[in-house]
>>> print(open('start-v5.csv').read())   # CSV, N, CA and C atoms
chain,number,residue,atom,x,y,z
A,411,ALA,N,-97.8,-39.1,101.8
A,411,ALA,CA,-97.9,-39.1,100.4
A,411,ALA,C,-99.0,-38.3,99.9
A,412,GLU,N,-100.1,-38.2,100.7
A,412,GLU,CA,-101.3,-37.5,100.2
A,412,GLU,C,-101.0,-36.0,100.2
A,413,ARG,N,-100.1,-35.5,101.0
A,413,ARG,CA,-99.7,-34.1,101.0
A,413,ARG,C,-98.8,-33.7,99.9
A,414,ILE,N,-98.0,-34.7,99.5
A,414,ILE,CA,-97.0,-34.4,98.4
A,414,ILE,C,-97.7,-34.3,97.0
A,415,LEU,N,-98.8,-35.0,96.8
A,415,LEU,CA,-99.4,-35.0,95.5
A,415,LEU,C,-99.9,-33.6,95.1
A,416,PRO,N,-100.6,-32.8,95.9
A,416,PRO,CA,-100.9,-31.4,95.5
A,416,PRO,C,-99.7,-30.5,95.2
A,417,VAL,N,-98.7,-30.7,96.0
A,417,VAL,CA,-97.4,-29.9,95.8
A,417,VAL,C,-96.9,-30.3,94.4
A,418,TYR,N,-96.8,-31.6,94.2
A,418,TYR,CA,-96.2,-32.0,92.9
A,418,TYR,C,-97.1,-31.5,91.7
A,419,ALA,N,-98.4,-31.6,91.9
A,419,ALA,CA,-99.4,-31.1,90.8
A,419,ALA,C,-99.2,-29.7,90.5
A,420,ARG,N,-99.0,-28.8,91.6
A,420,ARG,CA,-98.8,-27.4,91.4
A,420,ARG,C,-97.5,-27.2,90.7
A,421,TRP,N,-96.4,-27.9,91.1
A,421,TRP,CA,-95.1,-27.7,90.5
A,421,TRP,C,-95.2,-28.1,89.0
A,422,PHE,N,-95.9,-29.2,88.7
A,422,PHE,CA,-96.0,-29.7,87.3
A,422,PHE,C,-96.8,-28.7,86.5
A,423,LEU,N,-97.9,-28.2,87.0
A,423,LEU,CA,-98.7,-27.2,86.2
A,423,LEU,C,-97.9,-25.9,86.0
A,424,GLY,N,-97.1,-25.5,87.0
A,424,GLY,CA,-96.3,-24.3,86.8
A,424,GLY,C,-95.2,-24.5,85.8
A,425,LYS,N,-94.6,-25.7,85.8
A,425,LYS,CA,-93.5,-26.0,84.8
A,425,LYS,C,-94.1,-26.0,83.4
A,426,THR,N,-95.3,-26.6,83.2
A,426,THR,CA,-96.0,-26.7,82.0
A,426,THR,C,-96.4,-25.3,81.5
A,427,ALA,N,-96.9,-24.5,82.3
A,427,ALA,CA,-97.3,-23.1,81.9
A,427,ALA,C,-96.0,-22.3,81.5
A,428,GLN,N,-95.0,-22.5,82.3
A,428,GLN,CA,-93.7,-21.8,81.9
A,428,GLN,C,-93.2,-22.2,80.6
A,429,CYS,N,-93.2,-23.5,80.3
A,429,CYS,CA,-92.8,-24.0,79.0
A,429,CYS,C,-93.7,-23.4,77.9
A,430,ALA,N,-95.0,-23.4,78.1
A,430,ALA,CA,-95.9,-22.8,77.1
A,430,ALA,C,-95.6,-21.4,76.8
A,431,ARG,N,-95.4,-20.6,77.9
A,431,ARG,CA,-95.0,-19.2,77.7
A,431,ARG,C,-93.8,-19.0,76.9
A,432,ARG,N,-92.8,-19.8,77.2
A,432,ARG,CA,-91.5,-19.7,76.5
A,432,ARG,C,-91.6,-20.1,75.0
A,433,ALA,N,-92.4,-21.2,74.8
A,433,ALA,CA,-92.7,-21.6,73.4
A,433,ALA,C,-93.4,-20.5,72.7
A,434,ASN,N,-94.4,-19.9,73.3
A,434,ASN,CA,-95.1,-18.8,72.6
A,434,ASN,C,-94.2,-17.6,72.3
A,435,ALA,N,-93.3,-17.3,73.3
A,435,ALA,CA,-92.3,-16.2,73.0
A,435,ALA,C,-91.4,-16.6,71.9
A,436,GLY,N,-90.9,-17.8,71.8
A,436,GLY,CA,-90.1,-18.2,70.7
A,436,GLY,C,-90.9,-18.1,69.3
A,437,ALA,N,-92.2,-18.5,69.4
A,437,ALA,CA,-93.0,-18.4,68.2
A,437,ALA,C,-93.1,-17.0,67.7
A,438,ALA,N,-93.3,-16.1,68.7
A,438,ALA,CA,-93.4,-14.7,68.3
A,438,ALA,C,-92.1,-14.1,67.7
A,439,GLU,N,-91.0,-14.6,68.3
A,439,GLU,CA,-89.7,-14.1,67.8
A,439,GLU,C,-89.5,-14.7,66.4
A,440,LEU,N,-89.8,-16.0,66.2
A,440,LEU,CA,-89.6,-16.5,64.8
A,440,LEU,C,-90.6,-15.8,63.8
A,441,ASP,N,-91.8,-15.5,64.3
A,441,ASP,CA,-92.7,-14.9,63.4
A,441,ASP,C,-92.2,-13.5,63.0
A,442,ALA,N,-91.6,-12.8,63.9
A,442,ALA,CA,-91.0,-11.4,63.6
A,442,ALA,C,-89.9,-11.5,62.6
A,443,GLU,N,-89.2,-12.6,62.7
A,443,GLU,CA,-88.0,-12.9,61.8
A,443,GLU,C,-88.5,-13.5,60.4
A,444,GLY,N,-89.7,-13.9,60.4
A,444,GLY,CA,-90.2,-14.5,59.2
A,444,GLY,C,-89.8,-16.0,59.1
A,445,GLY,N,-89.5,-16.6,60.3
A,445,GLY,CA,-89.0,-17.9,60.3
A,445,GLY,C,-89.9,-19.0,60.8
A,446,LEU,N,-91.2,-18.7,61.0
A,446,LEU,CA,-92.2,-19.7,61.4
A,446,LEU,C,-92.4,-20.7,60.3
A,447,PRO,N,-92.5,-21.9,60.6
A,447,PRO,CA,-92.8,-22.9,59.5
A,447,PRO,C,-94.1,-22.6,58.8
A,448,VAL,N,-94.1,-22.7,57.5
A,448,VAL,CA,-95.3,-22.5,56.8
A,448,VAL,C,-96.1,-23.8,56.8
A,449,ASP,N,-97.4,-23.7,56.9
A,449,ASP,CA,-98.3,-24.9,56.9
A,449,ASP,C,-98.4,-25.4,55.4
A,450,GLU,N,-97.5,-26.3,55.1
A,450,GLU,CA,-97.5,-26.9,53.7
A,450,GLU,C,-98.1,-28.3,53.7
A,451,LEU,N,-98.7,-28.7,54.7
A,451,LEU,CA,-99.2,-30.1,54.8
A,451,LEU,C,-100.5,-30.3,54.0
A,452,LYS,N,-100.5,-31.4,53.3
A,452,LYS,CA,-101.8,-31.8,52.6
A,452,LYS,C,-102.7,-32.3,53.7
A,453,ARG,N,-104.0,-32.2,53.4
A,453,ARG,CA,-105.0,-32.6,54.3
A,453,ARG,C,-106.0,-33.5,53.6
A,454,THR,N,-106.6,-34.4,54.4
A,454,THR,CA,-107.7,-35.3,53.9
A,454,THR,C,-108.9,-34.4,53.7
A,455,PRO,N,-109.9,-35.0,53.0
A,455,PRO,CA,-111.2,-34.2,52.8
A,455,PRO,C,-111.8,-33.8,54.1
A,456,GLY,N,-111.6,-34.6,55.2
A,456,GLY,CA,-112.1,-34.3,56.5
A,456,GLY,C,-111.3,-33.3,57.3
A,457,GLY,N,-110.2,-32.8,56.7
A,457,GLY,CA,-109.3,-31.8,57.3
A,457,GLY,C,-108.2,-32.3,58.1
A,458,ARG,N,-108.0,-33.6,58.2
A,458,ARG,CA,-106.9,-34.2,59.0
A,458,ARG,C,-105.6,-34.1,58.2
A,459,ILE,N,-104.5,-34.0,58.9
A,459,ILE,CA,-103.2,-34.0,58.2
A,459,ILE,C,-102.9,-35.3,57.5
A,460,ASP,N,-102.5,-35.3,56.3
A,460,ASP,CA,-102.1,-36.4,55.5
A,460,ASP,C,-100.8,-36.9,56.1
A,461,ARG,N,-100.8,-38.2,56.5
A,461,ARG,CA,-99.6,-38.8,57.1
A,461,ARG,C,-98.4,-38.7,56.3
A,462,ASP,N,-98.5,-39.1,55.0
A,462,ASP,CA,-97.3,-39.0,54.1
A,462,ASP,C,-96.8,-37.6,54.0
A,463,SER,N,-97.7,-36.6,53.9
A,463,SER,CA,-97.3,-35.2,53.9
A,463,SER,C,-96.5,-34.8,55.1
A,464,ALA,N,-97.0,-35.2,56.3
A,464,ALA,CA,-96.4,-34.9,57.6
A,464,ALA,C,-95.0,-35.6,57.6
A,465,ASP,N,-94.9,-36.8,57.1
A,465,ASP,CA,-93.6,-37.5,57.1
A,465,ASP,C,-92.6,-36.8,56.2
A,466,GLU,N,-93.1,-36.3,55.1
A,466,GLU,CA,-92.2,-35.6,54.2
A,466,GLU,C,-91.6,-34.3,54.8
A,467,VAL,N,-92.5,-33.5,55.4
A,467,VAL,CA,-92.1,-32.3,56.0
A,467,VAL,C,-91.2,-32.6,57.2
A,468,PHE,N,-91.5,-33.6,58.0
A,468,PHE,CA,-90.7,-34.0,59.1
A,468,PHE,C,-89.3,-34.4,58.6
A,469,ALA,N,-89.1,-35.1,57.5
A,469,ALA,CA,-87.8,-35.5,57.1
A,469,ALA,C,-87.0,-34.2,56.7
A,470,ARG,N,-87.6,-33.3,56.1
A,470,ARG,CA,-86.9,-32.0,55.8
A,470,ARG,C,-86.5,-31.3,57.1
A,471,ARG,N,-87.4,-31.2,58.1
A,471,ARG,CA,-87.1,-30.5,59.3
A,471,ARG,C,-86.0,-31.2,60.1
A,472,LYS,N,-86.0,-32.5,60.1
A,472,LYS,CA,-85.0,-33.3,60.8
A,472,LYS,C,-83.6,-33.0,60.1
A,473,ALA,N,-83.6,-33.0,58.8
A,473,ALA,CA,-82.3,-32.8,58.1
A,473,ALA,C,-81.8,-31.4,58.4
A,474,GLU,N,-82.7,-30.4,58.5
A,474,GLU,CA,-82.3,-29.0,58.8
A,474,GLU,C,-81.7,-29.0,60.2
A,475,THR,N,-82.3,-29.7,61.2
A,475,THR,CA,-81.8,-29.7,62.5
A,475,THR,C,-80.5,-30.4,62.6
A,476,GLU,N,-80.3,-31.5,61.9
A,476,GLU,CA,-79.0,-32.2,61.9
A,476,GLU,C,-77.9,-31.3,61.3
A,477,ALA,N,-78.3,-30.5,60.4
A,477,ALA,CA,-77.3,-29.6,59.8
A,477,ALA,C,-77.0,-28.4,60.7
A,478,ALA,N,-77.9,-28.0,61.6
A,478,ALA,CA,-77.7,-26.9,62.5
A,478,ALA,C,-78.1,-27.3,63.9
A,479,PRO,N,-77.4,-28.2,64.5
A,479,PRO,CA,-77.9,-28.8,65.8
A,479,PRO,C,-77.9,-27.8,67.0
A,480,ASP,N,-77.2,-26.6,66.8
A,480,ASP,CA,-77.2,-25.7,67.9
A,480,ASP,C,-78.1,-24.5,67.7
A,481,ASP,N,-78.9,-24.6,66.6
A,481,ASP,CA,-79.8,-23.5,66.3
A,481,ASP,C,-81.2,-23.7,66.9
A,482,TRP,N,-81.6,-22.9,67.8
A,482,TRP,CA,-82.9,-23.1,68.5
A,482,TRP,C,-84.1,-23.0,67.5
A,483,ARG,N,-83.9,-22.3,66.4
A,483,ARG,CA,-85.0,-22.1,65.4
A,483,ARG,C,-85.2,-23.5,64.7
A,484,SER,N,-84.2,-24.2,64.4
A,484,SER,CA,-84.4,-25.5,63.7
A,484,SER,C,-85.1,-26.5,64.6
A,485,TRP,N,-84.7,-26.4,65.9
A,485,TRP,CA,-85.4,-27.3,66.9
A,485,TRP,C,-86.8,-26.9,67.1
A,486,PHE,N,-87.1,-25.6,67.1
A,486,PHE,CA,-88.5,-25.2,67.2
A,486,PHE,C,-89.3,-25.7,66.0
A,487,ARG,N,-88.8,-25.6,64.8
A,487,ARG,CA,-89.5,-26.1,63.6
A,487,ARG,C,-89.6,-27.6,63.6
A,488,LEU,N,-88.6,-28.3,64.1
A,488,LEU,CA,-88.7,-29.8,64.3
A,488,LEU,C,-89.8,-30.1,65.3
A,489,ALA,N,-89.9,-29.4,66.3
A,489,ALA,CA,-90.9,-29.7,67.3
A,489,ALA,C,-92.3,-29.6,66.7
A,490,VAL,N,-92.5,-28.6,65.8
A,490,VAL,CA,-93.8,-28.4,65.1
A,490,VAL,C,-94.0,-29.6,64.2
A,491,ALA,N,-92.9,-30.1,63.5
A,491,ALA,CA,-93.1,-31.2,62.6
A,491,ALA,C,-93.4,-32.5,63.4
A,492,TYR,N,-92.8,-32.7,64.6
A,492,TYR,CA,-93.1,-33.8,65.4
A,492,TYR,C,-94.6,-33.8,65.8
A,493,HIS,N,-95.1,-32.6,66.2
A,493,HIS,CA,-96.5,-32.4,66.6
A,493,HIS,C,-97.4,-32.7,65.4
A,494,ASP,N,-97.0,-32.3,64.2
A,494,ASP,CA,-97.9,-32.5,63.1
A,494,ASP,C,-97.9,-34.0,62.7
A,495,ALA,N,-96.8,-34.7,63.0
A,495,ALA,CA,-96.7,-36.2,62.8
A,495,ALA,C,-97.3,-37.0,64.0
A,496,ARG,N,-98.0,-36.3,64.9
A,496,ARG,CA,-98.6,-36.8,66.1
A,496,ARG,C,-97.7,-37.6,67.0
A,497,ASP,N,-96.5,-37.1,67.2
A,497,ASP,CA,-95.5,-37.6,68.1
A,497,ASP,C,-95.3,-36.6,69.2
A,498,THR,N,-96.2,-36.5,70.1
A,498,THR,CA,-96.2,-35.5,71.2
A,498,THR,C,-95.0,-35.6,72.1
A,499,PRO,N,-94.6,-36.8,72.5
A,499,PRO,CA,-93.4,-36.8,73.4
A,499,PRO,C,-92.2,-36.2,72.8
A,500,ARG,N,-91.9,-36.6,71.5
A,500,ARG,CA,-90.7,-36.0,70.9
A,500,ARG,C,-90.9,-34.6,70.5
A,501,ALA,N,-92.1,-34.1,70.2
A,501,ALA,CA,-92.4,-32.7,70.0
A,501,ALA,C,-92.1,-31.9,71.3
A,502,ARG,N,-92.5,-32.4,72.4
A,502,ARG,CA,-92.2,-31.8,73.7
A,502,ARG,C,-90.7,-31.7,74.0
A,503,LYS,N,-90.0,-32.8,73.7
A,503,LYS,CA,-88.5,-32.8,73.9
A,503,LYS,C,-87.8,-31.8,73.0
A,504,ALA,N,-88.2,-31.8,71.7
A,504,ALA,CA,-87.6,-30.9,70.8
A,504,ALA,C,-87.9,-29.4,71.2
A,505,MET,N,-89.1,-29.2,71.7
A,505,MET,CA,-89.4,-27.8,72.1
A,505,MET,C,-88.6,-27.4,73.3
A,506,GLN,N,-88.4,-28.4,74.2
A,506,GLN,CA,-87.6,-28.1,75.4
A,506,GLN,C,-86.2,-27.8,75.0
A,507,ARG,N,-85.7,-28.5,74.0
A,507,ARG,CA,-84.3,-28.2,73.5
A,507,ARG,C,-84.2,-26.9,72.9
A,508,ALA,N,-85.3,-26.5,72.1
A,508,ALA,CA,-85.3,-25.2,71.4
A,508,ALA,C,-85.3,-24.1,72.5
A,509,ILE,N,-86.1,-24.2,73.5
A,509,ILE,CA,-86.1,-23.2,74.6
A,509,ILE,C,-84.8,-23.1,75.3
A,510,ALA,N,-84.2,-24.3,75.6
A,510,ALA,CA,-82.9,-24.3,76.3
A,510,ALA,C,-81.8,-23.6,75.4
A,511,LEU,N,-81.8,-23.9,74.1
A,511,LEU,CA,-80.8,-23.3,73.2
A,511,LEU,C,-81.1,-21.8,73.1
A,512,HIS,N,-82.3,-21.4,73.0
A,512,HIS,CA,-82.7,-20.0,72.9
A,512,HIS,C,-82.2,-19.2,74.2
A,513,ASP,N,-82.3,-19.9,75.3
A,513,ASP,CA,-81.9,-19.3,76.6
A,513,ASP,C,-80.4,-19.4,76.9
A,514,GLY,N,-79.7,-20.1,76.0
A,514,GLY,CA,-78.2,-20.3,76.2
A,514,GLY,C,-77.9,-21.4,77.1
A,515,ARG,N,-78.8,-22.3,77.3
A,515,ARG,CA,-78.6,-23.5,78.2
A,515,ARG,C,-78.4,-24.7,77.3
A,516,THR,N,-77.8,-25.7,77.9
A,516,THR,CA,-77.7,-27.0,77.2
A,516,THR,C,-78.5,-28.0,78.0
A,517,ILE,N,-79.0,-29.0,77.3
A,517,ILE,CA,-79.7,-30.1,77.9
A,517,ILE,C,-79.3,-31.4,77.3
A,518,GLU,N,-79.4,-32.5,78.0
A,518,GLU,CA,-79.0,-33.8,77.5
A,518,GLU,C,-79.9,-34.2,76.4
A,519,ALA,N,-79.4,-35.0,75.4
A,519,ALA,CA,-80.2,-35.5,74.3
A,519,ALA,C,-81.2,-36.5,74.7
>>> encode(input="start-v5.csv", output="structure tokens")
Amino acid sequence: AERILPVYARWFLGKTAQCARRANAGAAELDAEGGLPVDELKRTPGGRIDRDSADEVFARRKAETEAAPDDWRSWFRLAVAYHDARDTPRARKAMQRAIALHDGRTIEA
């Protein structure tokens, strides 16, 4: 078991780095198309994202994704909205779906 942990850790870090590279490539492509989500969130005086504002933007992004479930761009923008709403696990899953759709793959919901 002690020998497996370092192997698993390297694999996990490799997969995480690969996902980050693919997400950055998707962001660059969206930026080139003019499709990156605009930061329209209200902030508290301390600079934190206003929760109601994040929820409002999230609702729009979710509706966009439901209207175009096979569009990697909508999933990418939904991932950003999840992140802004501080829902990291769902942000990660949405980004994984965006990457898979971009690459022409399908993944389970």
>>> atom_distance(input="start-v5.csv", atom1="atom C of Ser463 in chain A", atom2="atom N of Ala510 in chain A")
26.1 Å
>>> axis_aligned_box(input="start-v5.csv", around="range 490-499 of chain A", padding_each_side="5 Å", output="lines of an AutoDock Vina configuration file")
center_x = -95.4
center_y = -33.0
center_z = 68.0
size_x = 16.4
size_y = 19.2
size_z = 20.8
>>> atom_distance(input="start-v5.csv", atom1="atom N of Ala419 in chain A", atom2="atom C of Asp494 in chain A")
29.3 Å
>>> atom_distance(input="start-v5.csv", atom1="CA of Arg487 in chain A", atom2="CA of Ala442 in chain A")
14.8 Å
>>> select_by_dssp(input="start-v5.csv", residues="chain A", states="helix (DSSP H, G or I)", output="VMD selection string")
chain A and resid 414 to 443 461 to 477 482 to 494 498 to 512
>>> closest_residue(input="start-v5.csv", among="A:Leu446, A:Ala464, A:Leu415, A:Leu511", to="Asn434 in chain A", atoms="only C-alpha atoms")
A:Leu446
>>> residues_around(input="start-v5.csv", residues="range 448-458 of chain A", least_positions_apart="4", cutoff="12 Å", atoms="only C-alpha atoms", output="ChimeraX atom specification")
/A:440-441,444,462-468,470-471,487,490-491,494-496
>>> residues_around(input="start-v5.csv", residues="Ala504 in chain A", least_positions_apart="3", cutoff="6 Å", atoms="all atoms listed in the file", output="ChimeraX atom specification")
/A:485-486,488-489,500-501,507-509
>>> closest_residue(input="start-v5.csv", among="A:His512, A:Glu443, A:Gln506, A:Cys429", to="Asp480 in chain A", atoms="only N, CA and C atoms")
A:His512
>>> decode(input="start-v5.csv", residues="range 454-469 of chain A", atoms="N, CA, C and O atoms", output="CSV table (one decimal), in the first residue's frame")
chain,number,residue,atom,x,y,z
A,454,THR,N,-18.8,43.0,-2.7
A,454,THR,CA,-19.0,43.7,-1.4
A,454,THR,C,-17.9,44.7,-1.3
A,454,THR,O,-17.0,44.7,-2.1
A,455,PRO,N,-18.0,45.7,-0.4
A,455,PRO,CA,-17.0,46.7,-0.2
A,455,PRO,C,-15.6,46.1,0.0
A,455,PRO,O,-14.6,46.6,-0.3
A,456,GLY,N,-15.5,44.9,0.6
A,456,GLY,CA,-14.3,44.2,0.8
A,456,GLY,C,-13.8,43.4,-0.4
A,456,GLY,O,-12.7,42.8,-0.4
A,457,GLY,N,-14.5,43.4,-1.5
A,457,GLY,CA,-14.1,42.8,-2.8
A,457,GLY,C,-14.6,41.4,-3.0
A,457,GLY,O,-14.4,40.8,-4.1
A,458,ARG,N,-15.4,40.9,-2.1
A,458,ARG,CA,-15.9,39.5,-2.2
A,458,ARG,C,-17.1,39.5,-3.2
A,458,ARG,O,-17.8,40.5,-3.2
A,459,ILE,N,-17.3,38.5,-3.9
A,459,ILE,CA,-18.5,38.4,-4.8
A,459,ILE,C,-19.8,38.3,-4.0
A,459,ILE,O,-19.9,37.6,-3.0
A,460,ASP,N,-20.7,39.2,-4.4
A,460,ASP,CA,-22.0,39.2,-3.7
A,460,ASP,C,-22.8,37.9,-4.1
A,460,ASP,O,-22.9,37.6,-5.3
A,461,ARG,N,-23.3,37.2,-3.1
A,461,ARG,CA,-23.9,35.9,-3.3
A,461,ARG,C,-25.1,36.0,-4.2
A,461,ARG,O,-25.3,35.2,-5.1
A,462,ASP,N,-26.0,37.0,-4.0
A,462,ASP,CA,-27.2,37.2,-4.8
A,462,ASP,C,-26.8,37.4,-6.3
A,462,ASP,O,-27.5,36.9,-7.2
A,463,SER,N,-25.8,38.2,-6.5
A,463,SER,CA,-25.3,38.5,-7.8
A,463,SER,C,-24.8,37.2,-8.5
A,463,SER,O,-25.1,36.9,-9.7
A,464,ALA,N,-24.0,36.4,-7.8
A,464,ALA,CA,-23.5,35.1,-8.3
A,464,ALA,C,-24.7,34.2,-8.6
A,464,ALA,O,-24.7,33.5,-9.6
A,465,ASP,N,-25.7,34.1,-7.8
A,465,ASP,CA,-26.8,33.3,-8.0
A,465,ASP,C,-27.6,33.7,-9.3
A,465,ASP,O,-28.1,32.9,-10.0
A,466,GLU,N,-27.7,35.0,-9.5
A,466,GLU,CA,-28.4,35.5,-10.6
A,466,GLU,C,-27.7,35.1,-11.9
A,466,GLU,O,-28.3,34.7,-12.9
A,467,VAL,N,-26.4,35.3,-11.9
A,467,VAL,CA,-25.6,35.0,-13.1
A,467,VAL,C,-25.6,33.5,-13.3
A,467,VAL,O,-25.8,33.0,-14.4
A,468,PHE,N,-25.5,32.7,-12.2
A,468,PHE,CA,-25.6,31.3,-12.3
A,468,PHE,C,-26.9,30.8,-13.0
A,468,PHE,O,-26.9,29.9,-13.9
A,469,ALA,N,-28.0,31.4,-12.6
A,469,ALA,CA,-29.3,31.0,-13.2
A,469,ALA,C,-29.3,31.2,-14.7
A,469,ALA,O,-29.8,30.4,-15.4
